[in-house]
Amino acid sequence: MSVTLSYDDNQRLLLDGIACDCGLTHQLPDRPIHVGRGLLARAGELISRYLPGTQAVLVADDKTWPLAGREVCEQLRQRGFKVDVCLIRRDGEMLPDETACGEVLLTMTDTTDFLISVGSGSLTDTTRIAAMRTGKPFAAVATAPSMDGYTSVVAPLLLRGSKIHRQAHSPDLILCDLDILRQAPMEMIAGGVGDVLGKYIAITDWRIGQEINDEAFCPLCAEMVIAAVDRVTEHIDAIISRSEAGIRLLTEALLLAGLTIMIIGHTRAVASVEHNIVHLWDMMQLARGRRQPPHGLAVGLSTLMIWPVYTLFAADNQLSFVDPDAVLAQRISHEQRAWQIMAAYGEEAGRMIIAENPDDFLTPDEQRRRIDRARERWPRLRDIIADLPPYETIINVQKKLQAPRLPQDLQIEPDQVSVSLRMGKDYRSRYSLFKLLDDCGLLETFLATLPWAKPTVG
Ligand SMILES: [Zn+2]
Ligand SMILES: [Zn+2]
């Protein structure tokens with residue numbers, strides 16, 4: 001039982017072997033994704049094959065227009081397409097905000113048939129939401145292997161300076177020309193690797209959820225993601241040297257991770273507490289009038305920061321010293337928990353989190369059940385964590401990439417680190433080792449071992 005990845009003569013990615021009896025419903029992803037060299041030269045042909053109509057809006061920014069946008073535009077015009085260009089010009093980084101979304105919508109006309117994004121995360125998400133709102137299909141021409149969101153069905157956006165997520169759909173065609181992706185700045189490549197490294201934590205937490213809460217778990221998706229992430233860490237030198245093979249492995253890992261969302265319909269295999277922590281950093285930085293840290297770099301950093309908690313948990317059975325009665329006697333009230341969440345996430349987002357995850361405030365019986373189960377299953381939990389690669393492997397990857405390894409490398413302040421390590425787990429009800437530790441009254445004990453996790457003052 002394993003998924004094999006191959007390509008047809010057109011460099012279209014094919015997945016085989018999606019046969020799994022885990023109990024979840026699996027959908028075979030059927031959207032065309034092409035990965036390979038020389039694809040930009042065939043963009044016009046492929047877009048006209050898969051997208052309906054002859055009138056397009058092409059969305060690019062100052063960086064991606066000369067890189068690939070102009071070429072795609074010219075090819076389509078030569079084929080008789082009418083292409084309106086939405087060139088988003090910014091002094092600094094382009095953001096997926098209401099201004100950018102408005103520019104795309106105002107470039108569209110009554111006769112626009114489809115959209116094309118030429119870029120990475122921000123440009124794809126801006127185009128994705130416009131496509132969703134107008135019911136038009138869209139093609140994504142990737143320009144950097146910087147995050148796993150090309151295949152995503154959710155668009156992280158900015159509205160009046162705050163982070164929002166909106167349901168959208170995945171592109172009707174994705175083109176990943178390796179000659180273009182290889183030219184991406186090293187920071188973006190390091191971001192792609194960082195986003196991929198987070199999958200180790202996501203899969204581990206998922207397996208812990210299966211042990212403690214009998215959560216439905218898909219071994220096929222987990223194996224597919226882990227095998228792809230392992231290939232990235234094993235071939236990190238090839239990625240850094242931007243060889244075709246290296247950039248292909250990274251691109252495939254990002255795409256495969258994203259494809260699990262299509263296969264099982266949720267993001268369990270690709271995001272857990274490491275992403276929640278980054279989400280909290282994003283919100284806290286925006287609230288201070290600053291930019292969000294680059295996504296993949298931030299995920300790589302949070303993964304590195306929380307990793308020692310996993311290895312320490314597996315090193316020694318601290319659960320055997322837990323007295324469930326004593327833990328339950330220390331429970332905080334519903335009001336205290338609500339206050340903590342609102343203090344961390346802000347009142348509006350905090351209220352939404354509490355409303356969306358009503359079962360997250362455990363009854364005493366449920367908390368006791370989880371403590372008992374964790375104590376009983378500790379050997380299994382230890383074995384799950386033992387499947388992680390050594391911490392040194394992750395540090396070495398980050399060192400070689402010159403990626404952020406300390407919170408200050410991304411201007412994350414000590415108070416933001418402290419709050420995010422304690423409250424990131426509460427962003428959603430998704431189970432994690434951090435929730436387990438909190439349920440068992442051990443979270444502070446473990447955080448005390450992290451040099452950067454000083455408790456919040458006040
Ligand atoms: Zn991510
Ligand atoms: Zn499955």
# chains A, B, ... in the order shown; residues from 1 in each chain; ligands from 1
>>> closest_atom_pairs(of="chain A", to="ligand 2", cutoff="7 Å", atoms="only C-alpha atoms and all ligand atoms", output="Markdown table")
| residue | atom | partner | partner_atom_place_in_ligand_line | distance |
| --- | --- | --- | --- | --- |
| A:Cys20 | CA | ligand 2 | 1 (Zn) | 4.5 |
| A:Asp21 | CA | ligand 2 | 1 (Zn) | 5.8 |
| A:Cys22 | CA | ligand 2 | 1 (Zn) | 4.4 |
| A:Gly23 | CA | ligand 2 | 1 (Zn) | 6.6 |
| A:Leu24 | CA | ligand 2 | 1 (Zn) | 5.7 |
| A:His26 | CA | ligand 2 | 1 (Zn) | 6.6 |
| A:Phe217 | CA | ligand 2 | 1 (Zn) | 6.9 |
| A:Cys218 | CA | ligand 2 | 1 (Zn) | 3.7 |
| A:Pro219 | CA | ligand 2 | 1 (Zn) | 5.8 |
| A:Leu220 | CA | ligand 2 | 1 (Zn) | 5.2 |
| A:Cys221 | CA | ligand 2 | 1 (Zn) | 6.3 |
>>> closest_atom_pairs(of="chain A", to="ligand 1", cutoff="9 Å", atoms="only C-alpha atoms and all ligand atoms", output="tab-separated table")
residue	atom	partner	partner_atom_place_in_ligand_line	distance
A:Met147	CA	ligand 1	1 (Zn)	6.0
A:Asp148	CA	ligand 1	1 (Zn)	6.0
A:Gly149	CA	ligand 1	1 (Zn)	7.1
A:Gly192	CA	ligand 1	1 (Zn)	8.5
A:Gly194	CA	ligand 1	1 (Zn)	8.4
A:Asp195	CA	ligand 1	1 (Zn)	4.9
A:Val196	CA	ligand 1	1 (Zn)	7.6
A:Gly198	CA	ligand 1	1 (Zn)	7.7
A:Lys199	CA	ligand 1	1 (Zn)	8.8
A:Val270	CA	ligand 1	1 (Zn)	7.3
A:Ala271	CA	ligand 1	1 (Zn)	6.8
A:His275	CA	ligand 1	1 (Zn)	6.5
A:Val278	CA	ligand 1	1 (Zn)	9.0
A:His295	CA	ligand 1	1 (Zn)	6.5
A:Gly296	CA	ligand 1	1 (Zn)	6.0
A:Ala298	CA	ligand 1	1 (Zn)	9.0
A:Val299	CA	ligand 1	1 (Zn)	6.6
>>> write_last_selection(atoms="N, CA and C atoms", output="CSV table (one decimal), in the first residue's frame")
chain,number,residue,atom,x,y,z
A,147,MET,N,5.9,27.3,-0.7
A,147,MET,CA,4.9,26.9,0.3
A,147,MET,C,4.0,25.8,-0.4
A,148,ASP,N,3.2,25.1,0.4
A,148,ASP,CA,2.5,24.0,-0.1
A,148,ASP,C,1.0,24.4,-0.6
A,149,GLY,N,0.8,25.7,-0.7
A,149,GLY,CA,-0.6,26.1,-1.0
A,149,GLY,C,-1.1,26.2,-2.4
A,192,GLY,N,10.1,27.0,1.4
A,192,GLY,CA,9.4,25.7,1.0
A,192,GLY,C,9.9,24.6,1.8
A,194,GLY,N,11.1,24.8,4.9
A,194,GLY,CA,10.5,25.0,6.2
A,194,GLY,C,9.1,24.5,6.3
A,195,ASP,N,8.3,24.8,5.3
A,195,ASP,CA,6.8,24.4,5.3
A,195,ASP,C,6.8,22.8,5.3
A,196,VAL,N,7.7,22.2,4.5
A,196,VAL,CA,7.7,20.8,4.4
A,196,VAL,C,8.2,20.1,5.7
A,198,GLY,N,7.6,21.1,8.7
A,198,GLY,CA,6.5,21.1,9.6
A,198,GLY,C,5.6,19.8,9.5
A,199,LYS,N,5.7,19.2,8.4
A,199,LYS,CA,4.8,18.0,8.2
A,199,LYS,C,5.2,16.8,9.2
A,270,VAL,N,-1.0,18.0,7.0
A,270,VAL,CA,0.0,19.0,6.7
A,270,VAL,C,0.1,20.2,7.7
A,271,ALA,N,-0.8,20.2,8.6
A,271,ALA,CA,-0.7,21.4,9.6
A,271,ALA,C,-1.2,21.0,11.0
A,275,HIS,N,1.9,25.0,12.7
A,275,HIS,CA,1.2,26.0,11.9
A,275,HIS,C,0.4,27.0,12.8
A,278,VAL,N,2.5,29.7,14.1
A,278,VAL,CA,2.8,30.7,13.1
A,278,VAL,C,1.6,31.6,12.9
A,295,HIS,N,5.9,32.8,5.4
A,295,HIS,CA,5.2,31.6,5.9
A,295,HIS,C,6.1,30.4,6.2
A,296,GLY,N,6.7,30.0,5.1
A,296,GLY,CA,7.5,28.7,5.2
A,296,GLY,C,8.7,28.9,6.2
A,298,ALA,N,8.8,30.8,8.7
A,298,ALA,CA,8.2,30.8,10.1
A,298,ALA,C,7.8,29.4,10.5
A,299,VAL,N,7.3,28.6,9.6
A,299,VAL,CA,6.9,27.2,9.9
A,299,VAL,C,8.2,26.4,10.2
>>> select_by_dssp(residues="stretch 31-235 of chain A", states="strand (DSSP E or B)", output="ChimeraX atom specification")
/A:33-36,55-61,82-88,97,114-119,138-142,154-159,162-167,173-177
>>> closest_atom_pairs(of="stretch 212-321 of chain A", to="stretch 343-366 of chain A", cutoff="8 Å", atoms="only C-alpha atoms", output="JSON lines")
{"residue": "A:Leu280", "atom": "CA", "partner": "A:Tyr345", "partner_atom": "CA", "distance": 6.8}
{"residue": "A:Met283", "atom": "CA", "partner": "A:Tyr345", "partner_atom": "CA", "distance": 7.2}
{"residue": "A:Met284", "atom": "CA", "partner": "A:Tyr345", "partner_atom": "CA", "distance": 7.6}
>>> closest_atom_pairs(of="stretch 414-451 of chain A", to="stretch 305-325 of chain A", cutoff="12 Å", atoms="only C-alpha atoms", output="tab-separated table")
residue	atom	partner	partner_atom	distance
A:Val417	CA	A:Met305	CA	9.7
A:Ser418	CA	A:Met305	CA	11.6
A:Ser420	CA	A:Ile306	CA	10.9
A:Leu421	CA	A:Ile306	CA	8.1
A:Arg422	CA	A:Ile306	CA	11.1
A:Gly424	CA	A:Ile306	CA	11.3
A:Lys425	CA	A:Ile306	CA	11.8
A:Ser432	CA	A:Tyr310	CA	10.5
A:Leu433	CA	A:Tyr310	CA	7.4
A:Phe434	CA	A:Val309	CA	8.6
A:Leu436	CA	A:Leu319	CA	10.3
A:Leu437	CA	A:Leu319	CA	9.0
A:Asp438	CA	A:Leu319	CA	11.8
A:Asp439	CA	A:Pro324	CA	9.7
A:Cys440	CA	A:Val322	CA	7.0
A:Gly441	CA	A:Val322	CA	7.9
A:Leu442	CA	A:Val322	CA	8.3
A:Leu443	CA	A:Val309	CA	9.3
A:Glu444	CA	A:Val309	CA	10.8
A:Thr445	CA	A:Gln318	CA	9.8
A:Phe446	CA	A:Val309	CA	6.2
A:Leu447	CA	A:Val309	CA	7.3
A:Ala448	CA	A:Val309	CA	9.9
A:Thr449	CA	A:Val309	CA	8.0
A:Leu450	CA	A:Pro308	CA	7.7
A:Pro451	CA	A:Met305	CA	9.5
>>> write_last_selection(atoms="N, CA and C atoms", output="PDB file, in the first residue's frame")
ATOM      1  N   VAL A 417       6.664  34.745  21.566  1.00  0.00           N
ATOM      2  CA  VAL A 417       7.079  33.337  21.629  1.00  0.00           C
ATOM      3  C   VAL A 417       6.370  32.658  22.790  1.00  0.00           C
ATOM      4  N   SER A 418       6.416  33.325  23.928  1.00  0.00           N
ATOM      5  CA  SER A 418       5.847  32.748  25.137  1.00  0.00           C
ATOM      6  C   SER A 418       4.352  32.455  24.960  1.00  0.00           C
ATOM      7  N   SER A 420       2.644  32.218  22.147  1.00  0.00           N
ATOM      8  CA  SER A 420       2.326  31.284  21.054  1.00  0.00           C
ATOM      9  C   SER A 420       2.613  29.844  21.454  1.00  0.00           C
ATOM     10  N   LEU A 421       3.674  29.605  22.232  1.00  0.00           N
ATOM     11  CA  LEU A 421       3.975  28.228  22.637  1.00  0.00           C
ATOM     12  C   LEU A 421       2.909  27.698  23.590  1.00  0.00           C
ATOM     13  N   ARG A 422       2.293  28.602  24.342  1.00  0.00           N
ATOM     14  CA  ARG A 422       1.258  28.168  25.285  1.00  0.00           C
ATOM     15  C   ARG A 422      -0.134  28.119  24.668  1.00  0.00           C
ATOM     16  N   GLY A 424      -0.871  28.455  21.094  1.00  0.00           N
ATOM     17  CA  GLY A 424      -1.005  28.011  19.705  1.00  0.00           C
ATOM     18  C   GLY A 424      -1.886  26.774  19.595  1.00  0.00           C
ATOM     19  N   LYS A 425      -1.756  25.874  20.541  1.00  0.00           N
ATOM     20  CA  LYS A 425      -2.517  24.625  20.529  1.00  0.00           C
ATOM     21  C   LYS A 425      -4.026  24.855  20.546  1.00  0.00           C
ATOM     22  N   SER A 432      -2.865  17.401  19.584  1.00  0.00           N
ATOM     23  CA  SER A 432      -1.420  17.505  19.387  1.00  0.00           C
ATOM     24  C   SER A 432      -0.721  17.085  20.670  1.00  0.00           C
ATOM     25  N   LEU A 433       0.581  16.876  20.583  1.00  0.00           N
ATOM     26  CA  LEU A 433       1.330  16.575  21.806  1.00  0.00           C
ATOM     27  C   LEU A 433       1.175  17.728  22.801  1.00  0.00           C
ATOM     28  N   PHE A 434       1.120  18.960  22.294  1.00  0.00           N
ATOM     29  CA  PHE A 434       0.973  20.105  23.193  1.00  0.00           C
ATOM     30  C   PHE A 434      -0.356  20.022  23.959  1.00  0.00           C
ATOM     31  N   LEU A 436      -1.931  17.227  24.637  1.00  0.00           N
ATOM     32  CA  LEU A 436      -1.783  16.101  25.562  1.00  0.00           C
ATOM     33  C   LEU A 436      -1.054  16.557  26.829  1.00  0.00           C
ATOM     34  N   LEU A 437       0.040  17.298  26.631  1.00  0.00           N
ATOM     35  CA  LEU A 437       0.810  17.763  27.787  1.00  0.00           C
ATOM     36  C   LEU A 437      -0.034  18.675  28.660  1.00  0.00           C
ATOM     37  N   ASP A 438      -0.833  19.521  28.008  1.00  0.00           N
ATOM     38  CA  ASP A 438      -1.683  20.427  28.768  1.00  0.00           C
ATOM     39  C   ASP A 438      -2.753  19.636  29.537  1.00  0.00           C
ATOM     40  N   ASP A 439      -3.369  18.668  28.874  1.00  0.00           N
ATOM     41  CA  ASP A 439      -4.379  17.834  29.541  1.00  0.00           C
ATOM     42  C   ASP A 439      -3.805  17.130  30.764  1.00  0.00           C
ATOM     43  N   CYS A 440      -2.517  16.756  30.683  1.00  0.00           N
ATOM     44  CA  CYS A 440      -1.886  15.990  31.758  1.00  0.00           C
ATOM     45  C   CYS A 440      -1.144  16.891  32.745  1.00  0.00           C
ATOM     46  N   GLY A 441      -1.317  18.196  32.605  1.00  0.00           N
ATOM     47  CA  GLY A 441      -0.685  19.127  33.542  1.00  0.00           C
ATOM     48  C   GLY A 441       0.828  19.200  33.401  1.00  0.00           C
ATOM     49  N   LEU A 442       1.345  18.851  32.208  1.00  0.00           N
ATOM     50  CA  LEU A 442       2.804  18.800  32.040  1.00  0.00           C
ATOM     51  C   LEU A 442       3.355  19.873  31.101  1.00  0.00           C
ATOM     52  N   LEU A 443       2.488  20.692  30.538  1.00  0.00           N
ATOM     53  CA  LEU A 443       2.975  21.610  29.500  1.00  0.00           C
ATOM     54  C   LEU A 443       4.066  22.541  30.030  1.00  0.00           C
ATOM     55  N   GLU A 444       3.827  23.142  31.190  1.00  0.00           N
ATOM     56  CA  GLU A 444       4.830  24.074  31.727  1.00  0.00           C
ATOM     57  C   GLU A 444       6.141  23.357  32.040  1.00  0.00           C
ATOM     58  N   THR A 445       6.058  22.134  32.530  1.00  0.00           N
ATOM     59  CA  THR A 445       7.273  21.367  32.838  1.00  0.00           C
ATOM     60  C   THR A 445       8.124  21.214  31.582  1.00  0.00           C
ATOM     61  N   PHE A 446       7.469  20.910  30.475  1.00  0.00           N
ATOM     62  CA  PHE A 446       8.216  20.705  29.225  1.00  0.00           C
ATOM     63  C   PHE A 446       8.677  22.032  28.626  1.00  0.00           C
ATOM     64  N   LEU A 447       7.822  23.047  28.691  1.00  0.00           N
ATOM     65  CA  LEU A 447       8.235  24.338  28.130  1.00  0.00           C
ATOM     66  C   LEU A 447       9.422  24.920  28.893  1.00  0.00           C
ATOM     67  N   ALA A 448       9.491  24.580  30.195  1.00  0.00           N
ATOM     68  CA  ALA A 448      10.589  25.112  31.012  1.00  0.00           C
ATOM     69  C   ALA A 448      11.946  24.648  30.486  1.00  0.00           C
ATOM     70  N   THR A 449      11.951  23.578  29.693  1.00  0.00           N
ATOM     71  CA  THR A 449      13.223  23.088  29.165  1.00  0.00           C
ATOM     72  C   THR A 449      13.664  23.850  27.908  1.00  0.00           C
ATOM     73  N   LEU A 450      12.744  24.640  27.341  1.00  0.00           N
ATOM     74  CA  LEU A 450      13.098  25.391  26.133  1.00  0.00           C
ATOM     75  C   LEU A 450      13.661  26.743  26.528  1.00  0.00           C
ATOM     76  N   PRO A 451      14.846  27.078  26.038  1.00  0.00           N
ATOM     77  CA  PRO A 451      15.460  28.348  26.466  1.00  0.00           C
ATOM     78  C   PRO A 451      14.629  29.571  26.091  1.00  0.00           C
TER      79      PRO A 451
END
>>> closest_residue(among="A:Asp237, A:Asp387, A:Asp172, A:Glu376", to="A:Leu51", atoms="only C-alpha atoms")
A:Asp172
>>> atom_distance(atom1="atom CA of A:Asp282", atom2="atom CA of A:Ser162")
9.0 Å
>>> closest_residue(among="A:Glu103, A:Asp177, A:Asp110, A:Asp9", to="A:Ala56", atoms="only C-alpha atoms")
A:Asp110
>>> select_by_dssp(residues="stretch 215-253 of chain A", states="helix (DSSP H, G or I)", output="ChimeraX atom specification")
/A:219-234,236-240,244-253
>>> residues_around(residues="stretch 105-108 of chain A", least_positions_apart="6", cutoff="10 Å", atoms="only C-alpha atoms", output="PyMOL selection string")
chain A and resi 55-59+84-87+99+114-115+126-127+129-131+133-134
>>> residues_around(residues="A:Arg370", least_positions_apart="2", cutoff="8 Å", atoms="only C-alpha atoms", output="NGL selection string")
:A and (212-213 or 366-368 or 372-374 or 436 or 439)
>>> write_last_selection(atoms="C-alpha atoms", output="PDB file, in the first residue's frame")
ATOM      1  CA  ILE A 212      -5.593   9.151  22.420  1.00  0.00           C
ATOM      2  CA  ASN A 213      -8.905  10.010  20.743  1.00  0.00           C
ATOM      3  CA  GLU A 366     -13.042  13.538  29.311  1.00  0.00           C
ATOM      4  CA  GLN A 367      -9.847  15.013  30.658  1.00  0.00           C
ATOM      5  CA  ARG A 368      -9.456  12.041  32.992  1.00  0.00           C
ATOM      6  CA  ASP A 372      -5.574   7.595  31.554  1.00  0.00           C
ATOM      7  CA  ARG A 373      -5.273   6.773  27.866  1.00  0.00           C
ATOM      8  CA  ALA A 374      -2.024   8.719  27.535  1.00  0.00           C
ATOM      9  CA  LEU A 436      -1.783  16.101  25.562  1.00  0.00           C
ATOM     10  CA  ASP A 439      -4.379  17.834  29.541  1.00  0.00           C
TER      11      ASP A 439
END
>>> atom_distance(atom1="atom CA of A:Thr233", atom2="atom CA of A:Thr303")
14.0 Å
